[in-house]
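Engineer: entry.cif is reproduced in full below (mmCIF, C-alpha atoms).
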```cif
data_entry
loop_
_atom_site.label_atom_id
_atom_site.label_comp_id
_atom_site.auth_asym_id
_atom_site.auth_seq_id
_atom_site.Cartn_x
_atom_site.Cartn_y
_atom_site.Cartn_z
CA MET A 1 -14.84 59.69 43.83
CA ARG A 2 -15.35 56.06 44.78
CA ALA A 3 -16.32 55.49 48.41
CA ARG A 4 -13.71 53.74 50.56
CA LEU A 5 -14.10 51.38 53.47
CA LYS A 6 -12.99 54.07 55.93
CA ASP A 7 -15.74 56.38 54.58
CA VAL A 8 -18.36 53.75 55.38
CA ALA A 9 -16.86 53.16 58.82
CA ALA A 10 -16.84 56.90 59.61
CA LYS A 11 -20.45 57.35 58.52
CA ALA A 12 -21.59 54.33 60.56
CA GLY A 13 -19.50 55.37 63.57
CA VAL A 14 -17.43 52.18 63.75
CA ALA A 15 -13.81 51.16 63.21
CA PRO A 16 -12.77 50.17 59.66
CA ASN A 17 -12.02 46.60 60.84
CA THR A 18 -15.54 46.33 62.25
CA ALA A 19 -17.05 47.65 59.01
CA SER A 20 -14.97 45.14 56.99
CA THR A 21 -16.04 42.23 59.21
CA ILE A 22 -19.71 43.15 58.86
CA LEU A 23 -19.67 43.85 55.10
CA ASN A 24 -17.88 40.57 54.40
CA ARG A 25 -20.29 38.74 56.70
CA ARG A 26 -17.50 37.05 58.60
CA PRO A 27 -18.67 34.61 61.28
CA ASN A 28 -16.41 36.20 63.94
CA SER A 29 -18.40 39.45 64.03
CA TRP A 30 -19.47 40.52 67.56
CA ALA A 31 -21.43 43.54 66.34
CA SER A 32 -25.05 43.98 67.33
CA LYS A 33 -27.84 43.79 64.77
CA GLU A 34 -28.26 47.54 65.09
CA THR A 35 -24.58 48.19 64.34
CA GLU A 36 -24.65 45.82 61.37
CA GLN A 37 -27.66 47.60 59.94
CA ARG A 38 -25.93 50.98 60.35
CA VAL A 39 -22.92 49.74 58.41
CA PHE A 40 -25.04 48.24 55.59
CA ASP A 41 -27.10 51.44 55.37
CA ALA A 42 -23.95 53.58 55.22
CA ALA A 43 -22.47 51.38 52.49
CA LYS A 44 -25.68 51.62 50.46
CA GLU A 45 -25.95 55.39 50.87
CA LEU A 46 -22.32 55.95 49.83
CA GLY A 47 -22.51 53.40 46.99
CA TYR A 48 -19.63 51.43 48.49
CA ARG A 49 -18.62 48.14 46.87
CA PRO A 50 -15.83 46.00 48.34
CA SER A 51 -12.78 45.43 46.14
CA ARG A 52 -13.24 41.98 44.70
CA ALA A 53 -9.51 41.65 44.08
CA ALA A 54 -8.65 42.51 47.67
CA LEU A 55 -11.36 40.22 48.97
CA GLY A 56 -10.16 37.40 46.74
CA LEU A 57 -6.60 37.72 47.95
CA ARG A 58 -7.73 37.80 51.55
CA MET A 59 -10.17 34.89 51.26
CA GLY A 60 -8.04 32.82 48.86
CA SER A 61 -10.78 32.69 46.22
CA PHE A 62 -11.92 35.12 43.54
CA LYS A 63 -15.12 33.11 42.85
CA THR A 64 -14.30 33.39 39.14
CA ILE A 65 -13.49 30.75 36.52
CA GLY A 66 -11.70 31.30 33.21
CA LEU A 67 -12.90 29.61 30.00
CA VAL A 68 -10.91 29.56 26.74
CA ILE A 69 -12.94 28.69 23.64
CA PRO A 70 -11.61 28.25 20.09
CA ASP A 71 -14.35 29.97 18.11
CA LEU A 72 -16.81 32.56 19.37
CA HIS A 73 -18.64 32.35 16.03
CA ASN A 74 -19.32 28.63 16.30
CA PRO A 75 -22.67 28.11 18.08
CA TYR A 76 -21.38 24.93 19.72
CA TYR A 77 -18.81 26.80 21.81
CA THR A 78 -21.10 29.70 22.69
CA ALA A 79 -23.78 27.20 23.73
CA PHE A 80 -21.25 25.41 25.94
CA ALA A 81 -20.12 28.73 27.47
CA ASP A 82 -23.74 29.66 28.19
CA ARG A 83 -24.52 26.37 29.93
CA PHE A 84 -21.20 26.43 31.78
CA GLU A 85 -21.79 29.98 33.06
CA ARG A 86 -25.34 29.21 34.20
CA LYS A 87 -24.19 26.21 36.22
CA LEU A 88 -21.29 28.16 37.74
CA ARG A 89 -23.61 31.03 38.67
CA ASP A 90 -25.78 28.58 40.62
CA HIS A 91 -22.76 28.06 42.87
CA GLY A 92 -21.84 31.74 43.19
CA TYR A 93 -19.07 31.82 40.56
CA ASP A 94 -18.59 34.24 37.68
CA LEU A 95 -17.07 33.41 34.29
CA ILE A 96 -14.38 35.13 32.18
CA VAL A 97 -14.23 33.99 28.53
CA GLU A 98 -11.18 34.18 26.26
CA HIS A 99 -11.56 33.63 22.50
CA SER A 100 -8.51 32.09 20.79
CA ARG A 101 -9.89 32.72 17.26
CA ASN A 102 -8.96 29.26 15.94
CA ASN A 103 -5.31 30.24 16.00
CA ILE A 104 -2.81 28.04 17.81
CA GLU A 105 -0.36 30.86 18.55
CA PHE A 106 -3.07 33.17 19.88
CA GLU A 107 -4.50 30.28 21.86
CA MET A 108 -1.19 30.04 23.72
CA HIS A 109 -1.40 33.76 24.47
CA CYS A 110 -4.94 33.31 25.83
CA LEU A 111 -3.93 30.38 28.02
CA GLU A 112 -0.93 32.22 29.42
CA SER A 113 -2.71 35.52 29.99
CA ILE A 114 -5.74 34.02 31.68
CA LEU A 115 -3.49 32.73 34.46
CA ASP A 116 -2.71 36.38 35.28
CA ARG A 117 -6.39 37.12 35.77
CA GLN A 118 -8.12 37.03 39.14
CA ILE A 119 -9.45 33.50 38.66
CA ASP A 120 -9.53 30.29 40.66
CA ALA A 121 -9.47 27.81 37.77
CA VAL A 122 -9.35 27.38 33.98
CA THR A 123 -11.42 25.27 31.64
CA TYR A 124 -10.38 25.03 28.00
CA PHE A 125 -10.78 22.96 24.84
CA VAL A 126 -7.57 21.04 24.24
CA SER A 127 -6.47 21.46 20.62
CA ASP A 128 -2.81 20.43 20.79
CA PHE A 129 -1.70 18.80 24.04
CA ASP A 130 2.03 18.83 23.23
CA ARG A 131 2.00 22.61 22.81
CA HIS A 132 0.09 23.06 26.07
CA ILE A 133 2.57 21.31 28.36
CA ASP A 134 4.30 24.53 29.48
CA PHE A 135 0.93 26.15 30.20
CA LEU A 136 -0.17 23.18 32.29
CA LYS A 137 3.10 23.23 34.24
CA THR A 138 2.65 26.95 34.91
CA ALA A 139 -0.96 26.43 36.01
CA LYS A 140 0.15 23.72 38.42
CA LYS A 141 2.86 25.93 39.94
CA ALA A 142 0.34 28.77 40.28
CA GLY A 143 -2.07 26.46 42.10
CA LYS A 144 -4.80 26.91 39.48
CA ALA A 145 -7.27 24.10 38.94
CA VAL A 146 -7.66 23.03 35.29
CA VAL A 147 -10.35 21.05 33.49
CA GLY A 148 -9.51 20.07 29.93
CA MET A 149 -12.24 19.38 27.37
CA THR A 150 -10.50 16.71 25.33
CA GLY A 151 -10.86 13.91 22.88
CA LEU A 152 -10.36 10.40 24.18
CA SER A 153 -6.94 10.16 25.87
CA ALA A 154 -4.71 7.13 25.52
CA ALA A 155 -4.62 5.02 28.69
CA GLU A 156 -0.81 5.28 28.82
CA ASP A 157 -0.83 9.07 28.35
CA PRO A 158 -3.82 10.59 30.15
CA PHE A 159 -4.47 14.32 30.41
CA PRO A 160 -2.52 15.41 33.53
CA PHE A 161 -5.39 17.37 35.10
CA ASP A 162 -9.12 16.84 35.52
CA SER A 163 -10.77 16.26 32.15
CA VAL A 164 -14.03 15.80 30.32
CA GLU A 165 -13.42 13.43 27.41
CA ILE A 166 -15.61 12.91 24.36
CA ASP A 167 -15.21 9.72 22.32
CA PHE A 168 -15.83 10.85 18.75
CA SER A 169 -15.09 7.39 17.38
CA VAL A 170 -18.47 6.05 18.52
CA GLY A 171 -20.48 8.57 16.51
CA LEU A 172 -18.01 8.51 13.62
CA ILE A 173 -18.18 4.73 13.26
CA ASP A 174 -21.99 4.88 13.33
CA ALA A 175 -21.87 7.60 10.66
CA VAL A 176 -19.62 5.52 8.40
CA GLU A 177 -21.75 2.40 8.83
CA HIS A 178 -24.92 4.42 8.18
CA LEU A 179 -23.44 5.66 4.89
CA LEU A 180 -22.25 2.17 3.95
CA ALA A 181 -25.75 0.83 4.56
CA LEU A 182 -27.02 3.45 2.10
CA GLY A 183 -24.65 2.05 -0.54
CA HIS A 184 -21.91 4.67 -0.45
CA GLU A 185 -18.44 3.57 -1.50
CA ASN A 186 -16.71 6.90 -2.18
CA PHE A 187 -16.09 9.14 0.82
CA ALA A 188 -14.63 12.53 1.71
CA PHE A 189 -13.61 13.75 5.14
CA LEU A 190 -13.64 17.56 5.55
CA CYS A 191 -11.44 18.69 8.45
CA ALA A 192 -11.39 22.32 9.60
CA LEU A 193 -8.02 23.10 11.20
CA ALA A 194 -7.00 26.07 13.31
CA ALA A 195 -4.24 28.34 12.01
CA GLY A 196 -0.96 26.63 12.82
CA GLN A 197 -2.61 23.27 13.53
CA GLU A 198 -1.52 20.08 11.79
CA ALA A 199 -3.91 17.36 10.66
CA GLY A 200 -1.98 14.86 12.76
CA ASP A 201 -3.22 11.28 12.48
CA ARG A 202 -6.74 12.26 11.37
CA PRO A 203 -6.30 11.12 7.72
CA GLN A 204 -4.85 7.80 8.85
CA VAL A 205 -7.65 7.22 11.36
CA PHE A 206 -10.29 7.93 8.71
CA ASN A 207 -8.55 5.69 6.15
CA GLU A 208 -8.22 2.83 8.63
CA MET A 209 -11.85 3.12 9.68
CA LEU A 210 -13.01 2.74 6.09
CA LYS A 211 -10.42 0.11 5.20
CA GLU A 212 -11.62 -2.11 8.05
CA ARG A 213 -15.08 -1.93 6.45
CA GLY A 214 -13.95 -2.90 2.97
CA ILE A 215 -13.42 0.55 1.44
CA PRO A 216 -10.00 0.86 -0.25
CA GLU A 217 -7.86 3.91 0.48
CA GLY A 218 -8.31 5.17 -3.07
CA ASN A 219 -12.05 5.55 -2.45
CA ASN A 220 -11.72 8.22 0.19
CA VAL A 221 -10.11 11.63 0.37
CA PHE A 222 -9.09 13.90 3.24
CA ILE A 223 -9.75 17.61 2.64
CA ALA A 224 -8.23 20.22 4.96
CA CYS A 225 -9.69 23.71 5.29
CA THR A 226 -9.83 26.50 7.87
CA HIS A 227 -12.73 27.26 10.22
CA LYS A 228 -13.84 30.22 8.12
CA MET A 229 -17.03 29.51 6.21
CA ALA A 230 -15.73 31.31 3.10
CA ASN A 231 -12.68 29.05 3.03
CA VAL A 232 -14.76 25.91 3.56
CA TYR A 233 -16.96 26.93 0.64
CA GLU A 234 -14.05 27.76 -1.67
CA VAL A 235 -12.01 24.65 -0.85
CA PHE A 236 -14.86 22.19 -1.19
CA LYS A 237 -16.36 23.76 -4.32
CA ARG A 238 -12.96 23.72 -6.02
CA PHE A 239 -12.49 20.10 -5.00
CA LEU A 240 -15.87 19.07 -6.44
CA LEU A 241 -15.29 20.86 -9.74
CA GLU A 242 -11.84 19.28 -10.13
CA ALA A 243 -13.09 15.82 -9.12
CA GLY A 244 -15.86 15.76 -11.73
CA ASP A 245 -17.47 12.35 -12.09
CA SER A 246 -14.95 10.79 -9.68
CA ARG A 247 -16.27 12.90 -6.81
CA PRO A 248 -17.34 11.23 -3.54
CA THR A 249 -21.00 10.55 -2.86
CA ALA A 250 -20.67 10.97 0.92
CA LEU A 251 -19.05 13.67 3.04
CA ILE A 252 -18.33 13.78 6.78
CA ALA A 253 -17.40 17.27 8.03
CA MET A 254 -15.81 17.66 11.44
CA ASN A 255 -18.23 20.36 12.57
CA ASP A 256 -21.69 21.47 11.52
CA LEU A 257 -20.58 24.88 10.26
CA SER A 258 -18.17 23.19 7.84
CA ALA A 259 -20.95 20.86 6.75
CA ILE A 260 -23.23 23.82 6.06
CA GLY A 261 -20.51 25.56 4.02
CA ALA A 262 -19.92 22.34 2.09
CA ILE A 263 -23.63 21.95 1.34
CA ARG A 264 -23.72 25.43 -0.19
CA ALA A 265 -20.60 24.67 -2.22
CA ALA A 266 -22.09 21.41 -3.48
CA GLU A 267 -25.32 23.08 -4.56
CA ASP A 268 -23.45 25.89 -6.32
CA ALA A 269 -21.44 23.19 -8.10
CA GLY A 270 -24.68 21.73 -9.45
CA LEU A 271 -25.20 18.93 -6.92
CA ARG A 272 -28.22 18.23 -4.73
CA VAL A 273 -28.02 17.25 -1.07
CA PRO A 274 -28.74 14.45 -0.27
CA GLU A 275 -29.70 13.12 -3.72
CA ASP A 276 -26.19 13.55 -5.20
CA LEU A 277 -24.16 14.00 -2.03
CA SER A 278 -24.90 12.79 1.51
CA VAL A 279 -23.52 15.10 4.22
CA ILE A 280 -22.93 14.53 7.94
CA GLY A 281 -21.67 17.16 10.39
CA VAL A 282 -20.59 17.15 14.04
CA ASP A 283 -22.05 19.08 17.03
CA ASN A 284 -25.83 19.10 16.38
CA ILE A 285 -26.12 22.89 16.53
CA PRO A 286 -29.73 24.20 16.33
CA LEU A 287 -29.00 26.01 13.04
CA GLY A 288 -28.73 22.61 11.35
CA ASP A 289 -32.45 22.06 11.78
CA TYR A 290 -33.30 25.17 9.75
CA LEU A 291 -31.58 24.31 6.47
CA HIS A 292 -33.66 23.24 3.48
CA ARG A 293 -32.91 19.73 4.77
CA LYS A 294 -32.20 19.09 8.46
CA LEU A 295 -28.52 18.29 8.90
CA THR A 296 -27.59 14.74 9.88
CA THR A 297 -24.96 15.12 12.57
CA ILE A 298 -22.88 13.56 15.32
CA GLU A 299 -24.04 14.95 18.64
CA GLN A 300 -21.95 15.76 21.71
CA PRO A 301 -23.84 15.74 25.04
CA ILE A 302 -23.12 19.41 25.70
CA GLU A 303 -25.38 19.78 28.76
CA ALA A 304 -23.85 16.81 30.56
CA MET A 305 -20.33 17.90 29.58
CA ALA A 306 -20.82 21.40 31.01
CA GLU A 307 -22.33 20.00 34.19
CA SER A 308 -19.45 17.55 34.65
CA ALA A 309 -16.84 20.28 34.10
CA VAL A 310 -18.45 22.46 36.78
CA ARG A 311 -18.78 19.55 39.20
CA MET A 312 -15.09 18.68 38.73
CA LEU A 313 -14.00 22.27 39.28
CA LEU A 314 -16.00 22.65 42.47
CA LYS A 315 -14.69 19.36 43.82
CA ARG A 316 -11.10 20.30 42.95
CA LEU A 317 -11.41 23.78 44.50
CA SER A 318 -12.68 22.25 47.72
CA ASP A 319 -9.91 19.61 47.85
CA GLN A 320 -6.68 20.01 45.86
CA GLU A 321 -5.35 16.64 47.07
CA ILE A 322 -7.87 14.31 45.45
CA ASP A 323 -6.87 12.18 42.45
CA PHE A 324 -7.47 13.64 39.01
CA GLN A 325 -10.96 12.95 37.70
CA THR A 326 -12.07 11.98 34.19
CA MET A 327 -15.60 11.90 32.83
CA ARG A 328 -16.05 10.21 29.46
CA PHE A 329 -18.94 10.67 27.07
CA ASP A 330 -19.83 9.01 23.78
CA SER A 331 -20.81 10.96 20.70
CA LYS A 332 -24.04 9.92 19.00
CA LEU A 333 -25.18 9.88 15.38
CA ILE A 334 -28.45 11.79 14.84
CA ILE A 335 -29.93 10.83 11.46
CA LYS A 336 -31.97 13.62 9.88
CA GLU A 337 -32.41 14.61 6.25
CA THR A 338 -29.03 15.15 4.55
CA THR A 339 -28.18 11.50 3.90
CA ALA A 340 -29.78 9.22 1.30
CA LYS A 341 -29.18 6.08 -0.72
CA VAL A 342 -26.69 6.29 -3.56
CA ARG A 343 -28.33 7.06 -6.87
CA THR A 344 -27.96 4.24 -9.38
#
```
Translate this structure into structure tokens?

Structural biologist:
Amino acid sequence: MRARLKDVAAKAGVAPNTASTILNRRPNSWASKETEQRVFDAAKELGYRPSRAALGLRMGSFKTIGLVIPDLHNPYYTAFADRFERKLRDHGYDLIVEHSRNNIEFEMHCLESILDRQIDAVTYFVSDFDRHIDFLKTAKKAGKAVVGMTGLSAAEDPFPFDSVEIDFSVGLIDAVEHLLALGHENFAFLCALAAGQEAGDRPQVFNEMLKERGIPEGNNVFIACTHKMANVYEVFKRFLLEAGDSRPTALIAMNDLSAIGAIRAAEDAGLRVPEDLSVIGVDNIPLGDYLHRKLTTIEQPIEAMAESAVRMLLKRLSDQEIDFQTMRFDSKLIIKETTAKVRT
């Protein structure tokens, strides 16, 4: 049977309130050093551990942060969670991770349920802001701090909590201009979408970006797939076989795992990367450096993003009244070995 506070107090010969004050190291303790040692020794001998839930309710802090990630299988998100947890631990906080499995409906379940956990704040990757409004309202009413990991917000419609924003357009523009400099004129954009997620304005943004650089809309194609590698492979291989000689010579995939699946599909369709097809991913996961050709990719500054998210949370938890904070980061093109000049 688990030892209780009154068991520790009885063994140490003190009142339960005295034992509680000593074990929680409260500054108002008047106990002598000898008494304190007796209480700590009794707790150790009995294997007593204070109830974290009770302590959290009493102190107004559970010293725990919730993190919701879209894909536990994607090394980018696990790497972020690892860095985030390490930085939180340095400040005495623990981390609870929820995995939404790239499913918009289940993501809503994760966001709602994590508010019922014994946490002080939530950090999550914002996939669909409009669908998250009710969650954010609930979090605000519950007094939970929130940090959203978002794309670049519009100035007239900012994220209504603290946020870490990544500007993908910087790296994406550099990627397009890099491919144009290599002579590419036919493009494909491979977009992995979560279950229940719409493509939104992504096709239009990609078309406009190329159109501004002299590439007509007919020379680029938007390909939607899921986050599952098998689906990426099937969708892109089928596309290549149906496209035949009119296939694109350059592909930008919206994460590195999709790029890797597309590379395999291209090679199984009889194409060589980068000789016949240049490929660029997003995230710069370490796995990309161990392909037969190192994957050219658009990097997100994951270390700085995790550090900023932790810093925002700590600042918010110490002062709920400060203005909402936003940290913005640019993405960066990292040229490696999966892009090449168009074959003539």

Engineer: What gap, in Å, lies between atom CA of Gln325 of chain A and atom CA of Ile298 of chain A?

Structural biologist: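 Going from atom CA of Gln325 of chain A over to atom CA of Ile298 of chain A covers 25.4 Å.
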
Engineer: Between atom CA of Pro274 of chain A and atom CA of Ala340 of chain A, what distance in Å does the model show, to one decimal?

Structural biologist: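 Atom-to-atom, atom CA of Pro274 of chain A to atom CA of Ala340 of chain A, that is 5.6 Å.
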
Engineer: Running the PyMOL selection byres ((chain A and resi 245-248) around 10) on this model by hand, what would come out? Give it as number ranges by chain.

Structural biologist: A: 184-189, 219-221, 239-244, 249-251, 276-278

Engineer: Between atom CA of Asp256 of chain A and atom CA of Asn284 of chain A, what is the spacing in Å?

Structural biologist: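 These two atoms are separated by 6.8 Å.
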
Engineer: Written as an MDAnalysis selection string, which residues does the PyMOL selection byres ((chain A and resi 201-206) around 12) give for the file shown?

Structural biologist: chainID A and resid 168:169 172:173 175:176 187:193 197:200 207:213 215:217 219:224 251:254

Engineer: Given the choices A:His91, A:His132, A:Lys237, A:Lys11, which gets closest to Tyr48 of chain A if the distance is worked out from only C-alpha atoms?

Structural biologist: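 Between A:His91, A:His132, A:Lys237, A:Lys11, the residue approaching Tyr48 of chain A most closely is A:Lys11.
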
Engineer: For Asp7 of chain A, which residue among A:Val235, A:Met312, A:Ile263, A:Ala42 is the nearest when counting only C-alpha atoms?

Structural biologist: A:Ala42

Engineer: I need the output of the PyMOL selection byres ((chain A and resi 136) around 12) for this file as a PDB file with C-alpha atoms, keeping the file's coordinate frame; which residues are they?

Structural biologist:
```pdb
ATOM      1  CA  MET A 108      -1.190  30.040  23.720  1.00  0.00           C
ATOM      2  CA  LEU A 111      -3.930  30.380  28.020  1.00  0.00           C
ATOM      3  CA  GLU A 112      -0.930  32.220  29.420  1.00  0.00           C
ATOM      4  CA  LEU A 115      -3.490  32.730  34.460  1.00  0.00           C
ATOM      5  CA  ALA A 121      -9.470  27.810  37.770  1.00  0.00           C
ATOM      6  CA  VAL A 122      -9.350  27.380  33.980  1.00  0.00           C
ATOM      7  CA  THR A 123     -11.420  25.270  31.640  1.00  0.00           C
ATOM      8  CA  TYR A 124     -10.380  25.030  28.000  1.00  0.00           C
ATOM      9  CA  VAL A 126      -7.570  21.040  24.240  1.00  0.00           C
ATOM     10  CA  PHE A 129      -1.700  18.800  24.040  1.00  0.00           C
ATOM     11  CA  ASP A 130       2.030  18.830  23.230  1.00  0.00           C
ATOM     12  CA  ARG A 131       2.000  22.610  22.810  1.00  0.00           C
ATOM     13  CA  HIS A 132       0.090  23.060  26.070  1.00  0.00           C
ATOM     14  CA  ILE A 133       2.570  21.310  28.360  1.00  0.00           C
ATOM     15  CA  ASP A 134       4.300  24.530  29.480  1.00  0.00           C
ATOM     16  CA  PHE A 135       0.930  26.150  30.200  1.00  0.00           C
ATOM     17  CA  LYS A 137       3.100  23.230  34.240  1.00  0.00           C
ATOM     18  CA  THR A 138       2.650  26.950  34.910  1.00  0.00           C
ATOM     19  CA  ALA A 139      -0.960  26.430  36.010  1.00  0.00           C
ATOM     20  CA  LYS A 140       0.150  23.720  38.420  1.00  0.00           C
ATOM     21  CA  LYS A 141       2.860  25.930  39.940  1.00  0.00           C
ATOM     22  CA  ALA A 142       0.340  28.770  40.280  1.00  0.00           C
ATOM     23  CA  GLY A 143      -2.070  26.460  42.100  1.00  0.00           C
ATOM     24  CA  LYS A 144      -4.800  26.910  39.480  1.00  0.00           C
ATOM     25  CA  ALA A 145      -7.270  24.100  38.940  1.00  0.00           C
ATOM     26  CA  VAL A 146      -7.660  23.030  35.290  1.00  0.00           C
ATOM     27  CA  VAL A 147     -10.350  21.050  33.490  1.00  0.00           C
ATOM     28  CA  GLY A 148      -9.510  20.070  29.930  1.00  0.00           C
ATOM     29  CA  PHE A 159      -4.470  14.320  30.410  1.00  0.00           C
ATOM     30  CA  PRO A 160      -2.520  15.410  33.530  1.00  0.00           C
ATOM     31  CA  PHE A 161      -5.390  17.370  35.100  1.00  0.00           C
ATOM     32  CA  ASP A 162      -9.120  16.840  35.520  1.00  0.00           C
TER      33      ASP A 162
END
```

Engineer: Using only C-alpha atoms, which protein or nucleic acid residues come within 8 Å of Val8 of chain A? Drop anything in the same chain fewer than 5 positions from it, and give the result as a ChimeraX atom specification.

Structural biologist: /A:3,16,19,39,42-43,46,48

Engineer: Taking all atoms listed in the file into account, name the residue in A:Lys341, A:Gly47, A:Ala262, A:Arg293 that is nearest to Asn231 of chain A.

Structural biologist: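 Under the stated criterion, the closest residue is A:Ala262.
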
Engineer: Rebuild segment 7-20 of chain A so that it carries N, CA and C atoms, then output the result as a compact mmCIF listing (two decimals), in the frame of the given file.

Structural biologist:
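Done, and the output landed in result.txt:
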```txt
# COMPACT_ATOMS: atom_id res chain seq x y z
N ASP A 7 -14.61 55.44 54.68
CA ASP A 7 -15.74 56.38 54.58
C ASP A 7 -17.00 55.75 55.16
N VAL A 8 -17.19 54.47 54.85
CA VAL A 8 -18.36 53.75 55.38
C VAL A 8 -18.26 53.66 56.90
N ALA A 9 -17.07 53.31 57.37
CA ALA A 9 -16.86 53.16 58.82
C ALA A 9 -17.14 54.48 59.54
N ALA A 10 -16.64 55.60 58.97
CA ALA A 10 -16.84 56.90 59.61
C ALA A 10 -18.32 57.26 59.66
N LYS A 11 -19.03 57.01 58.57
CA LYS A 11 -20.45 57.35 58.52
C LYS A 11 -21.26 56.51 59.49
N ALA A 12 -20.86 55.23 59.66
CA ALA A 12 -21.59 54.33 60.56
C ALA A 12 -21.13 54.48 62.01
N GLY A 13 -20.01 55.19 62.22
CA GLY A 13 -19.50 55.37 63.57
C GLY A 13 -18.84 54.14 64.14
N VAL A 14 -18.13 53.38 63.29
CA VAL A 14 -17.43 52.18 63.75
C VAL A 14 -16.01 52.20 63.21
N ALA A 15 -15.17 51.30 63.72
CA ALA A 15 -13.81 51.16 63.21
C ALA A 15 -13.82 50.49 61.84
N PRO A 16 -12.82 50.81 60.98
CA PRO A 16 -12.77 50.17 59.66
C PRO A 16 -12.76 48.65 59.73
N ASN A 17 -12.04 48.06 60.71
CA ASN A 17 -12.02 46.60 60.84
C ASN A 17 -13.41 46.05 61.12
N THR A 18 -14.17 46.76 61.94
CA THR A 18 -15.54 46.33 62.25
C THR A 18 -16.41 46.39 60.99
N ALA A 19 -16.27 47.50 60.25
CA ALA A 19 -17.05 47.65 59.01
C ALA A 19 -16.71 46.53 58.02
N SER A 20 -15.41 46.20 57.91
CA SER A 20 -14.97 45.14 56.99
C SER A 20 -15.55 43.79 57.40
```
